[in-house]
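Report on the following structure.
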Amino acid sequence: MTPDQIESAVAAAMPQAVEELKRLAAIPSVAFPGHPAEPVHAAAAATEELLRSAGLPRVQQIAVEGSFPAVYGEAPAPPGAPTVLLYAHYDVQPAGDPAAWRTPPFEPTLINGQLFGRGTADDKSGIISHVLALRAFQGQFPVGIKVIIEGQEEYAGERLEAFVERNPDLLRADAIVVADTGNPKIGDPSVTTSLRGMAAFTIEVRTLKEAVHSGSFGGAAPDALAALMRMLTTLHDDNGDIRVPGLPRGTFLGQGPSEDEFRQTAGVLDHVSLVGSGSLADRLWSSYAITVTGLDVPSVSGAVNAVQPTARARVTVRIPPAADPKTTVDAVVDFLRQATPWGAQVGFTDFTVGSGFQADSGGKARSALNRAMDRAFGRPPRDVGAGGSIPLVNTLLKQYPAAEILLFGAEDEDAAIHAPNERVDLEELRRIATTEALFLHELSLPSALGV
């Protein structure tokens with residue numbers, strides 16, 4: 001096929017793909033504890049059907065110990081051609097408060113060329129971009145294809161890591177496309193070359209056997225919520241920089257967003273300052289960040305005049321690509337122990353860790369991607385970092401050190417992933433799918449193969 005034919009094929013397939021994305025995103029495939037398993041399995045079945053429709057001769061669900069099934073597809077490489085592994089995940093974040101959504105989270109709604117709904121971007125757009133790219137070739141793929149679609153990336157994604165380590169030949173490839181990132185802005189082509197790692201834990205503080213009346217005991221009885229708040233506020237200085245020893249600020253060599261761009265994207269209110277020091281690229285992509293992502297305390301509407309005996313918080317730490325998650329979380333936990341006031345009892349549970357990623361300078365696959373993205377977007381891509389983590393990426397890097405790992409996708413920074421009103425821009429989805437199809441074509445050419 002020619003590049004013109006590839007672009008036309010992707011464009012012609014978009015209406016069907018949009019309807020398929022709507023159906024896929026309507027499935028509440030939340031793989032977190034406490035959520036029903038049936039929708040997750042339904043999303044796996046829908047993903048399997050989509051990969052079959054893309055012309056792959058071998059498609060199957062594969063059991064993953066302690067997790068939901070992965071969906072695997074494969075087409076053999078033509079003689080002398082490389083093999084490309086395509087990755088995405090079909091599970092999604094919980095919707096959160098339905099009242100915060102302008103449209104129902106699991107009723108995908110098309111508004112002005114953008115599809116709103118949980119998972120429309122993260123990461124069911126990744127599944128659809130793979131399907132669109134593969135359909136362009138009508139089963140006659142220019143390179144070998146392997147596809148792995150994970151079922152529990154958003155919660156405890158490390159389970160697929162162990163599966164990969166036990167089955168190294170299954171996913172072996174010359175290049176790996178991870179469709180679970182995106183451009184800083186719609187139409188701004190970028191390749192993610194670094195990911196921060198992640199660690200998270202739950203902290204619980206106990207001070208009393210049970211709640212007591214604040215009028216009778218307040219002022220002397222130790223308040224667990226006050227103790228927890230004092231501990232959490234010690235993590236940052238007045239400027240917002242981290243105070244935990246051994247967690248220095250890093251440096252990102254590429255170009256980050258301007259302050260105005262960042263404030264607009266993040267929705268920072270007027271006259272509210274940003275936190276931390278160093279460039280925005282340093283803070284977002286190469287430095288540590290600590291966020292309290294949840295609190296278990298009485299709500300304002302349910303408040304009573306009582307001194308609290310127990311308080312809990314969920315703490316998430318973002319970690320520079322080269323740093324060790326285990327060492328980092330140990331440092332934060334030790335710091336919080338030392339900051340515990342009044343001899344309160346403190347415990348730490350439910351630990352999760354994930355390593356970061358730093359790409360090499362790039363080889364034949366990155367050059368092929370640059371050419372493909374230049375044609376699809378009208379200009380070549382730039383390198384960017386990402387603050388999020390993708391647990392599988394570092395395992396793939398260790399397992400297949402000769403493979404080039406390429407991270408790009410349709411999740412632009414305004415897509416509100418992990419937040420209310422998540423959406424994917426359909427024109428961005430078309431450009432990303434076109435990029436991927438053109439990349440597969442470019443990688444098969446004699447110039448890419450060194451012939």
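The chains in the structure tokens are called A, B, ... from first to last as shown; in each chain the residues are counted from 1, and the ligands are counted from 1 in the order shown.
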
Inset, instruction - Identify, on the basis of only C-alpha atoms, every residue whose closest approach to range 324-336 of chain A does not exceed 10 Å; exclude the query and any residue fewer than 3 positions from it along the same chain; express the result as an MDAnalysis selection string. - result: chainID A and resid 196:201 203 228 230:235 243:247 288 290 315:321 339:341 346:348 351:356

Could you turn the residues from that selection into a file that holds C-alpha atoms, as a PDB file, in the first residue's frame?
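Written file, part04.pdb:
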```
ATOM      1  CA  ARG A 196       7.813   8.878  36.242  1.00  0.00           C
ATOM      2  CA  GLY A 197       7.403   5.831  38.417  1.00  0.00           C
ATOM      3  CA  MET A 198       4.780   5.592  41.121  1.00  0.00           C
ATOM      4  CA  ALA A 199       4.353   4.412  44.677  1.00  0.00           C
ATOM      5  CA  ALA A 200       1.264   4.583  46.866  1.00  0.00           C
ATOM      6  CA  PHE A 201       0.249   3.548  50.351  1.00  0.00           C
ATOM      7  CA  ILE A 203      -1.599   5.653  56.300  1.00  0.00           C
ATOM      8  CA  LEU A 228      -2.799  13.071  60.436  1.00  0.00           C
ATOM      9  CA  ARG A 230      -0.011  17.717  60.905  1.00  0.00           C
ATOM     10  CA  MET A 231       1.920  14.741  59.512  1.00  0.00           C
ATOM     11  CA  LEU A 232       0.833  15.268  55.924  1.00  0.00           C
ATOM     12  CA  THR A 233       1.634  18.984  55.920  1.00  0.00           C
ATOM     13  CA  THR A 234       5.249  18.248  56.887  1.00  0.00           C
ATOM     14  CA  LEU A 235       5.845  16.610  53.494  1.00  0.00           C
ATOM     15  CA  ARG A 243      10.989  18.119  52.442  1.00  0.00           C
ATOM     16  CA  VAL A 244      11.686  14.374  52.596  1.00  0.00           C
ATOM     17  CA  PRO A 245      15.482  13.840  52.678  1.00  0.00           C
ATOM     18  CA  GLY A 246      16.945  11.964  49.724  1.00  0.00           C
ATOM     19  CA  LEU A 247      14.309  13.048  47.184  1.00  0.00           C
ATOM     20  CA  TYR A 288       9.343  13.651  42.878  1.00  0.00           C
ATOM     21  CA  ILE A 290       3.678  13.663  46.669  1.00  0.00           C
ATOM     22  CA  VAL A 315      -0.704   8.969  49.615  1.00  0.00           C
ATOM     23  CA  THR A 316       0.726   8.751  46.096  1.00  0.00           C
ATOM     24  CA  VAL A 317       4.351   9.466  45.208  1.00  0.00           C
ATOM     25  CA  ARG A 318       5.501  10.136  41.632  1.00  0.00           C
ATOM     26  CA  ILE A 319       9.124   9.121  41.126  1.00  0.00           C
ATOM     27  CA  PRO A 320      11.756  10.219  38.560  1.00  0.00           C
ATOM     28  CA  PRO A 321      12.427   7.621  35.843  1.00  0.00           C
ATOM     29  CA  ALA A 339       6.580  13.448  62.110  1.00  0.00           C
ATOM     30  CA  THR A 340       3.923  11.593  64.135  1.00  0.00           C
ATOM     31  CA  PRO A 341       2.781  13.821  67.032  1.00  0.00           C
ATOM     32  CA  VAL A 346       0.434   4.891  63.016  1.00  0.00           C
ATOM     33  CA  GLY A 347       0.303   2.096  60.452  1.00  0.00           C
ATOM     34  CA  PHE A 348       1.041   1.814  56.730  1.00  0.00           C
ATOM     35  CA  PHE A 351       1.562  -0.569  49.169  1.00  0.00           C
ATOM     36  CA  THR A 352       1.773  -0.270  45.377  1.00  0.00           C
ATOM     37  CA  VAL A 353       4.951   0.480  43.406  1.00  0.00           C
ATOM     38  CA  GLY A 354       5.789   0.894  39.737  1.00  0.00           C
ATOM     39  CA  SER A 355       9.050   1.801  38.014  1.00  0.00           C
ATOM     40  CA  GLY A 356       9.595   4.704  35.641  1.00  0.00           C
TER      41      GLY A 356
END
```

Interface rows for range 45-110 of chain A against range 425-444 of chain A: nearest pair, Å to one decimal, 9 Å, only C-alpha atoms, as a tab-separated table:
```
residue	atom	partner	partner_atom	distance
A:Gly80	CA	A:Ser444	CA	9.0
A:Ala81	CA	A:Ser444	CA	6.1
A:Pro82	CA	A:Ser444	CA	7.2
A:Val84	CA	A:Leu440	CA	7.9
```

Legend entry - Selection near Ala25 in chain A, 10 Å with only C-alpha atoms, sequence-local residues under 6 positions removed, as an MDAnalysis selection string: chainID A and resid 19 43 90:92 105:108 115:125

Inset, instruction - Pick out the residues sitting within 8 Å of range 281-285 of chain A, and hand them over as a PyMOL selection string; count only C-alpha atoms, and ignore anything fewer than 4 positions along from it in its own chain. - result: chain A and resi 194-196+249-252+254-257+276-277+289+320+385-387

Would you save the residues from that selection as a tab-separated table (two decimals), in the first residue's frame, using N, CA and C atoms?
```
chain	number	residue	atom	x	y	z
A	194	SER	N	9.98	9.70	28.54
A	194	SER	CA	10.22	9.37	29.95
A	194	SER	C	8.90	9.32	30.70
A	195	LEU	N	8.84	8.40	31.65
A	195	LEU	CA	7.69	8.26	32.54
A	195	LEU	C	8.18	8.26	33.98
A	196	ARG	N	7.52	9.02	34.82
A	196	ARG	CA	7.81	8.88	36.24
A	196	ARG	C	7.24	7.56	36.76
A	249	ARG	N	15.26	17.36	43.52
A	249	ARG	CA	14.62	17.76	42.27
A	249	ARG	C	15.48	17.31	41.09
A	250	GLY	N	14.84	16.85	40.01
A	250	GLY	CA	15.55	16.40	38.82
A	250	GLY	C	15.51	17.44	37.72
A	251	THR	N	16.09	17.07	36.57
A	251	THR	CA	16.17	17.96	35.42
A	251	THR	C	15.70	17.22	34.17
A	252	PHE	N	14.81	17.85	33.40
A	252	PHE	CA	14.37	17.31	32.12
A	252	PHE	C	14.94	18.18	31.01
A	254	GLY	N	14.30	18.21	27.72
A	254	GLY	CA	13.42	18.65	26.65
A	254	GLY	C	12.58	19.86	27.04
A	255	GLN	N	11.71	20.27	26.14
A	255	GLN	CA	10.89	21.46	26.33
A	255	GLN	C	9.59	21.11	27.02
A	256	GLY	N	9.27	21.84	28.06
A	256	GLY	CA	8.01	21.64	28.76
A	256	GLY	C	7.00	22.71	28.40
A	257	PRO	N	5.83	22.69	29.02
A	257	PRO	CA	4.81	23.70	28.73
A	257	PRO	C	5.18	25.05	29.34
A	276	GLY	N	6.23	24.43	44.01
A	276	GLY	CA	7.51	23.85	43.67
A	276	GLY	C	8.41	24.85	42.97
A	277	SER	N	9.64	24.40	42.70
A	277	SER	CA	10.63	25.25	42.03
A	277	SER	C	11.29	24.46	40.91
A	289	ALA	N	6.99	13.93	43.29
A	289	ALA	CA	5.77	14.66	43.66
A	289	ALA	C	4.98	13.78	44.63
A	320	PRO	N	11.00	10.03	39.80
A	320	PRO	CA	11.76	10.22	38.56
A	320	PRO	C	12.10	8.89	37.90
A	385	GLY	N	7.94	14.36	28.36
A	385	GLY	CA	7.84	13.41	29.45
A	385	GLY	C	6.39	13.26	29.88
A	386	ALA	N	6.16	12.33	30.77
A	386	ALA	CA	4.82	12.13	31.32
A	386	ALA	C	4.96	11.86	32.81
A	387	GLY	N	4.05	12.44	33.57
A	387	GLY	CA	4.10	12.25	35.02
A	387	GLY	C	3.53	10.93	35.46
```

Legend entry - Between CA of Asp169 in chain A and CA of Leu51 in chain A, distance in Å (one decimal): 20.5 Å

Inset, instruction - Would you return as an MDAnalysis selection string the members of range 372-405 of chain A that DSSP assigns to helix (DSSP H, G or I) on this structure's backbone? - result: chainID A and resid 372:377 391:399

Legend entry - One-decimal distance in Å that lies between CA of Lys185 in chain A and CA of Asp414 in chain A: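 Atom-to-atom, CA of Asp414 in chain A and CA of Lys185 in chain A are spaced 7.2 Å apart.
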
Inset, instruction - Could you tell me which of A:Glu259, A:Tyr155, A:Val307, A:Val30 comes closest to Gly219 in chain A if we count only C-alpha atoms? - result: A:Val307

Inset, instruction - Measure the distance from CA of Leu369 in chain A to CA of Ile186 in chain A in Å and round it to one decimal. - result: 18.0 Å

Inset, instruction - Report the residues of range 182-431 of chain A whose backbone DSSP state falls under strand (DSSP E or B), written as a ChimeraX atom specification. - result: /A:190-195,197-206,212-213,236,242,289-296,306-307,310-319,345-354,357-358,382-386,404-407,423-425

Legend entry - Contacts of Ala365 in chain A at 9 Å (only C-alpha atoms; same-chain gap of 2+ positions) as an NGL selection string: :A and (174-175 or 362-363 or 367-370 or 404-406 or 439 or 442-443 or 448)

Filtering to C-alpha atoms, could you give me those residues as a short mmCIF file (atom, residue, chain, number, x, y, z; two decimals), in the first residue's frame?
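Saved the output as out-v7.cif:
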```cif
data_model
loop_
_atom_site.label_atom_id
_atom_site.label_comp_id
_atom_site.auth_asym_id
_atom_site.auth_seq_id
_atom_site.Cartn_x
_atom_site.Cartn_y
_atom_site.Cartn_z
CA ASP A 174 11.71 -5.63 17.47
CA ALA A 175 9.63 -2.53 18.29
CA GLY A 362 16.13 6.13 19.25
CA GLY A 363 16.99 3.99 16.25
CA SER A 367 13.09 7.30 12.73
CA ALA A 368 10.18 5.50 11.06
CA LEU A 369 7.80 6.92 13.66
CA ASN A 370 9.15 10.44 13.09
CA GLU A 404 12.67 0.10 20.73
CA ILE A 405 9.77 1.21 22.92
CA LEU A 406 7.65 4.02 21.49
CA PHE A 439 4.71 3.67 11.00
CA GLU A 442 7.65 2.82 7.06
CA LEU A 443 9.26 0.17 9.25
CA ALA A 448 14.31 1.07 7.64
#
```

Inset, instruction - Show which residues sit within 8 Å of Ala31 in chain A, as a list in words. Count only C-alpha atoms, and ignore same-chain residues fewer than 6 positions away. - result: Ala37, Val40, Phe68, Asp91, Val92, Gln93, Gly151, Gln152, Glu154 and Tyr155 of chain A

Those same residues, written as a tab-separated table (two decimals), in the first residue's frame with C-alpha atoms?
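See part37.tsv below for the written result:
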```
chain	number	residue	atom	x	y	z
A	37	ALA	CA	-16.11	-8.31	37.62
A	40	VAL	CA	-14.45	-6.22	32.98
A	68	PHE	CA	-8.32	-10.22	34.58
A	91	ASP	CA	-9.84	-1.45	32.10
A	92	VAL	CA	-10.67	2.06	33.29
A	93	GLN	CA	-10.56	4.26	36.36
A	151	GLY	CA	-7.20	-5.94	31.78
A	152	GLN	CA	-5.94	-4.43	35.02
A	154	GLU	CA	-5.19	1.02	36.44
A	155	TYR	CA	-5.02	-1.11	39.59
```

Legend entry - Pick from A:Gly278, A:Val304, A:Ala63, A:Asn112, whichever lies nearest to Asp241 in chain A using only C-alpha atoms: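 Nearest to Asp241 in chain A: A:Gly278.
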
Inset, instruction - For Ser190 in chain A, please output as an MDAnalysis selection string all residues within 6 Å (counting only C-alpha atoms; exclusion window: fewer than 3 positions along the same chain). - result: chainID A and resid 183 381:383

Inset, instruction - Measuring atom to atom with only C-alpha atoms, identify which of A:Ala136, A:Ile242, A:Val384, A:Ala44 is nearest to Thr291 in chain A. - result: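 Under the stated criterion, the closest residue is A:Ile242.
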